[in-house]
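**Student:** After the structure tokens below, expect a handful of questions from me.
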Amino acid sequence: MKELIVRSVLSACVLMILFFIFAIFPAFSEEVGPKVPVPPVTAAGPSQAQQVKPIQVEPGEEIPDWLARWELARVLSYVKRYDESIAEYQKVLKEKPGLMEARIEMAKVLFWKGDQTGASNILESVPAKDMTGDAKVLMADLFVAQKEYAKAGPLYRDYLESHPEDQAVRLKLADMLSWQKKYDASLAEYRKILKARPDDIQVRRRYAFVLIWAGKHADAAAELKKTLD
Amino acid sequence: MKPSVVAACLIVIALLTTAAYHLLKPDWILFRKAETYFSEKAFSQAIPVYARLLERGFEAPALVSHLGTAYVATGRFREAAAIFEDILRKAPDKLQELKELANIYVAFGQFKKAIPLYQTFLQQEPYNRSVRILLARALSWSGRFDEAIVEYRKAVGDET
């Protein structure tokens, strides 16, 4: 008899639980749904559609101060407020000293401001493995400004190995080689540029001048004639 | 009454109640199913269920908004934009939807359309740093650098 009572009570309990799960809970959930998390904005964003930086923030996630400052530093540089930009870069780097990309950008801003020494100092603190192509070109530009052509050449060449289509940088190298009176090497670079941009009159005229400096007057005359046609 | 009879009664009640609920409130059952998918981030499964409920004229506070968010999460931005635009036509001060729609406009490079939405959001939540930075980015990407700088400065606490 006692066993029967226990079994009955247990059955009743199980049934009550089932009753709650199947009958009561749906009705309850009708009024108050569970709090659901808002999904992240998985933007196939401007990076894909418009080639601009995508929004990387998920709902609830705070954009860190240093990132906002970094963006601010960039925007300040766009409007040539270099001193303010550099101040912001310094704040970012104080908090994130290992942020080499910001360090290189700051060097660029210093360069644009005319502080070549400051830019050089910054770039020298960037480990070789972190030197981006842009940083190498900037470093080379700085060496050229200081007439240290021998140091600039390998940097331009290194960059051009991975960016052979960048004719603007190749032109810098061609010019620099001509200033060093390495005319054959300079002319070789000019020919590569003109192969890619045969209608560029300005480049062809510069090529003609290097031909003159190299004593190849007839070739120079032919090239100059092309620019007049 | 015998315990076995009580048990039988409870079983019958439970089954009848469940059956009745499914018969009388099928849309709520469907909605809970969609919400479960949504909470599990199974957005592509949630979308058709939400859409079917909308077609049937079912109304629940989170339905349309969650459908829009699910569209965003699955990269169906045009559908998402249409949903949020519709919500904001009826209730222009809905913050989450303002932000979602602005983010979609930015994703499509429509910065000029995104900027006023972020600004409206910030009128109601002026201390929301993230949205202020999103506004600053949109201003910057649309070439309004001076305004972007002001917003960035506010966001990082250099200006109040």
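Letters for chains follow the order of the structure tokens (A, B, ...), residue numbers begin at 1 for each chain, and ligand numbers begin at 1 in the order shown.
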With only C-alpha atoms counted and 8 Å as the cut-off, give the residues of chain B in contact with chain A, each with its shortest interatomic distance in Å and the pair that gives it, as JSON lines.
**Tutor:**
```
{"residue": "B:Pro3", "atom": "CA", "partner": "A:Ser8", "partner_atom": "CA", "distance": 5.5}
{"residue": "B:Ser4", "atom": "CA", "partner": "A:Ser8", "partner_atom": "CA", "distance": 6.7}
{"residue": "B:Val6", "atom": "CA", "partner": "A:Ala12", "partner_atom": "CA", "distance": 7.6}
{"residue": "B:Ala7", "atom": "CA", "partner": "A:Ala12", "partner_atom": "CA", "distance": 5.7}
{"residue": "B:Leu10", "atom": "CA", "partner": "A:Leu15", "partner_atom": "CA", "distance": 6.5}
{"residue": "B:Ile11", "atom": "CA", "partner": "A:Leu15", "partner_atom": "CA", "distance": 6.6}
{"residue": "B:Ile13", "atom": "CA", "partner": "A:Phe19", "partner_atom": "CA", "distance": 7.8}
{"residue": "B:Ala14", "atom": "CA", "partner": "A:Phe19", "partner_atom": "CA", "distance": 4.8}
{"residue": "B:Leu15", "atom": "CA", "partner": "A:Ala23", "partner_atom": "CA", "distance": 7.6}
{"residue": "B:Thr17", "atom": "CA", "partner": "A:Ala23", "partner_atom": "CA", "distance": 5.5}
{"residue": "B:Thr18", "atom": "CA", "partner": "A:Ala23", "partner_atom": "CA", "distance": 5.0}
{"residue": "B:Tyr21", "atom": "CA", "partner": "A:Ala27", "partner_atom": "CA", "distance": 7.7}
{"residue": "B:Trp28", "atom": "CA", "partner": "A:Glu30", "partner_atom": "CA", "distance": 6.5}
{"residue": "B:Ile29", "atom": "CA", "partner": "A:Pro26", "partner_atom": "CA", "distance": 7.7}
{"residue": "B:Arg32", "atom": "CA", "partner": "A:Glu30", "partner_atom": "CA", "distance": 7.9}
{"residue": "B:Glu35", "atom": "CA", "partner": "A:Val36", "partner_atom": "CA", "distance": 7.7}
{"residue": "B:Phe38", "atom": "CA", "partner": "A:Val36", "partner_atom": "CA", "distance": 7.2}
{"residue": "B:Ser39", "atom": "CA", "partner": "A:Val36", "partner_atom": "CA", "distance": 5.0}
{"residue": "B:Lys41", "atom": "CA", "partner": "A:Pro39", "partner_atom": "CA", "distance": 7.0}
{"residue": "B:Thr69", "atom": "CA", "partner": "A:Pro39", "partner_atom": "CA", "distance": 7.0}
{"residue": "B:Ala70", "atom": "CA", "partner": "A:Pro39", "partner_atom": "CA", "distance": 7.6}
{"residue": "B:Val72", "atom": "CA", "partner": "A:Val41", "partner_atom": "CA", "distance": 6.4}
{"residue": "B:Ala73", "atom": "CA", "partner": "A:Thr42", "partner_atom": "CA", "distance": 5.4}
{"residue": "B:Thr74", "atom": "CA", "partner": "A:Thr42", "partner_atom": "CA", "distance": 7.4}
{"residue": "B:Gly75", "atom": "CA", "partner": "A:Ala44", "partner_atom": "CA", "distance": 6.4}
{"residue": "B:Asn103", "atom": "CA", "partner": "A:Ile55", "partner_atom": "CA", "distance": 7.7}
{"residue": "B:Ile104", "atom": "CA", "partner": "A:Ala43", "partner_atom": "CA", "distance": 7.6}
{"residue": "B:Val106", "atom": "CA", "partner": "A:Pro46", "partner_atom": "CA", "distance": 6.9}
{"residue": "B:Ala107", "atom": "CA", "partner": "A:Gly45", "partner_atom": "CA", "distance": 4.1}
{"residue": "B:Phe108", "atom": "CA", "partner": "A:Pro46", "partner_atom": "CA", "distance": 6.1}
{"residue": "B:Gly109", "atom": "CA", "partner": "A:Pro46", "partner_atom": "CA", "distance": 6.0}
{"residue": "B:Arg129", "atom": "CA", "partner": "A:Glu62", "partner_atom": "CA", "distance": 7.6}
{"residue": "B:Ser130", "atom": "CA", "partner": "A:Ile63", "partner_atom": "CA", "distance": 5.8}
{"residue": "B:Ile133", "atom": "CA", "partner": "A:Ala68", "partner_atom": "CA", "distance": 6.9}
{"residue": "B:Leu134", "atom": "CA", "partner": "A:Ile55", "partner_atom": "CA", "distance": 7.7}
{"residue": "B:Ser140", "atom": "CA", "partner": "A:Val75", "partner_atom": "CA", "distance": 7.1}
{"residue": "B:Trp141", "atom": "CA", "partner": "A:Val52", "partner_atom": "CA", "distance": 7.8}
{"residue": "B:Phe145", "atom": "CA", "partner": "A:Val75", "partner_atom": "CA", "distance": 6.3}
{"residue": "B:Asp146", "atom": "CA", "partner": "A:Val79", "partner_atom": "CA", "distance": 7.9}
{"residue": "B:Ala148", "atom": "CA", "partner": "A:Val75", "partner_atom": "CA", "distance": 7.7}
{"residue": "B:Ile149", "atom": "CA", "partner": "A:Leu72", "partner_atom": "CA", "distance": 6.2}
{"residue": "B:Tyr152", "atom": "CA", "partner": "A:Leu72", "partner_atom": "CA", "distance": 6.0}
{"residue": "B:Arg153", "atom": "CA", "partner": "A:Leu72", "partner_atom": "CA", "distance": 7.6}
{"residue": "B:Ala155", "atom": "CA", "partner": "A:Ala68", "partner_atom": "CA", "distance": 7.6}
{"residue": "B:Val156", "atom": "CA", "partner": "A:Asp65", "partner_atom": "CA", "distance": 6.0}
```
**Student:** Between atom CA of A:Val137 and atom CA of A:Ala220, measure the distance and give it in Å to one decimal.
**Tutor:** 29.5 Å
**Student:** Can you list, as number ranges by chain, every protein, DNA or RNA residue that comes within 7 Å of A:Ala208 when you count only C-alpha atoms, leaving out same-chain residues fewer than 4 positions away?
**Tutor:** A: 204, 212, 220, 223-224
**Student:** Taking C-alpha atoms for each residue, export the selection above as a compact mmCIF listing (two decimals), in the first residue's frame.
**Tutor:**
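What landed in part-v2.txt:
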```txt
# COMPACT_ATOMS: atom_id res chain seq x y z
CA ARG A 204 59.21 60.76 -72.66
CA ILE A 212 71.11 63.98 -73.88
CA ALA A 220 67.09 62.18 -77.71
CA GLU A 223 62.23 60.96 -78.60
CA LEU A 224 61.59 64.71 -78.40
```
**Student:** Fewer than 2 positions away in the same chain doesn't count, so skip those; otherwise give me all residues within 12 Å of A:Gly118, counting only C-alpha atoms, as a ChimeraX atom specification.
**Tutor:** /A:86,103-104,106-116,120-125,139,142
**Student:** Quick one: residues within 12 Å of B:Ala81, only C-alpha atoms counted, chain neighbours fewer than 2 positions away excluded, as a PyMOL selection string?
**Tutor:** chain B and resi 64-65+67-72+75-79+83-89+97-108+110+113-114
**Student:** Write to file, as a PDB file, in the first residue's frame, the residues of the selection just made, with C-alpha atoms.
**Tutor:**
```
ATOM      1  CA  VAL B  64       9.744  42.765 -38.131  1.00  0.00           C
ATOM      2  CA  SER B  65      12.871  43.993 -36.394  1.00  0.00           C
ATOM      3  CA  LEU B  67      13.463  39.729 -39.647  1.00  0.00           C
ATOM      4  CA  GLY B  68      15.435  42.816 -40.638  1.00  0.00           C
ATOM      5  CA  THR B  69      18.321  41.845 -38.408  1.00  0.00           C
ATOM      6  CA  ALA B  70      18.282  38.302 -39.813  1.00  0.00           C
ATOM      7  CA  TYR B  71      18.454  39.747 -43.345  1.00  0.00           C
ATOM      8  CA  VAL B  72      21.477  41.828 -42.308  1.00  0.00           C
ATOM      9  CA  GLY B  75      23.965  39.620 -46.148  1.00  0.00           C
ATOM     10  CA  ARG B  76      20.556  40.360 -47.683  1.00  0.00           C
ATOM     11  CA  PHE B  77      20.977  44.073 -47.210  1.00  0.00           C
ATOM     12  CA  ARG B  78      18.383  45.287 -49.698  1.00  0.00           C
ATOM     13  CA  GLU B  79      15.618  43.320 -47.997  1.00  0.00           C
ATOM     14  CA  ILE B  83      12.306  46.335 -43.571  1.00  0.00           C
ATOM     15  CA  PHE B  84      14.053  48.990 -41.474  1.00  0.00           C
ATOM     16  CA  GLU B  85      12.884  51.828 -43.716  1.00  0.00           C
ATOM     17  CA  ASP B  86       9.334  50.591 -43.209  1.00  0.00           C
ATOM     18  CA  ILE B  87       9.765  50.385 -39.427  1.00  0.00           C
ATOM     19  CA  LEU B  88      11.216  53.884 -39.288  1.00  0.00           C
ATOM     20  CA  ARG B  89       8.435  55.298 -41.459  1.00  0.00           C
ATOM     21  CA  GLU B  97      16.603  50.281 -36.318  1.00  0.00           C
ATOM     22  CA  LEU B  98      18.106  53.730 -36.969  1.00  0.00           C
ATOM     23  CA  LYS B  99      21.551  52.313 -36.351  1.00  0.00           C
ATOM     24  CA  GLU B 100      20.965  49.149 -38.371  1.00  0.00           C
ATOM     25  CA  LEU B 101      19.660  51.105 -41.358  1.00  0.00           C
ATOM     26  CA  ALA B 102      22.532  53.587 -41.162  1.00  0.00           C
ATOM     27  CA  ASN B 103      25.011  50.698 -41.100  1.00  0.00           C
ATOM     28  CA  ILE B 104      23.355  49.203 -44.184  1.00  0.00           C
ATOM     29  CA  TYR B 105      23.558  52.526 -46.029  1.00  0.00           C
ATOM     30  CA  VAL B 106      27.247  52.709 -45.137  1.00  0.00           C
ATOM     31  CA  ALA B 107      27.704  49.165 -46.413  1.00  0.00           C
ATOM     32  CA  PHE B 108      26.345  50.363 -49.754  1.00  0.00           C
ATOM     33  CA  GLN B 110      25.418  55.699 -49.225  1.00  0.00           C
ATOM     34  CA  LYS B 113      21.803  58.770 -46.259  1.00  0.00           C
ATOM     35  CA  ALA B 114      23.530  57.217 -43.235  1.00  0.00           C
TER      36      ALA B 114
END
```
**Student:** Between atom CA of B:Val131 and atom CA of B:Tyr118, what is the spacing in Å?
**Tutor:**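 Atom CA of B:Tyr118 sits 6.6 Å away from atom CA of B:Val131.
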**Student:** For atom CA of A:Lys192 and atom CA of A:Trp179, quote the distance in Å rounded to one decimal.
**Tutor:**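 Straight-line distance from atom CA of A:Lys192 to atom CA of A:Trp179 works out to 18.3 Å.
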**Student:** Let me make sure I understand: among A:Val210, A:Asp219, A:Ala168, A:Lys195, which one has the smallest atom-to-atom distance to A:Lys181 if we use only C-alpha atoms?
**Tutor:** A:Val210
**Student:** Using DSSP on the backbone coordinates, identify all residues within stretch 161-219 of chain A classified as helix (DSSP H, G or I); present the result as an NGL selection string.
**Tutor:** :A and (161-162 or 167-179 or 183-196 or 201-213 or 217-219)
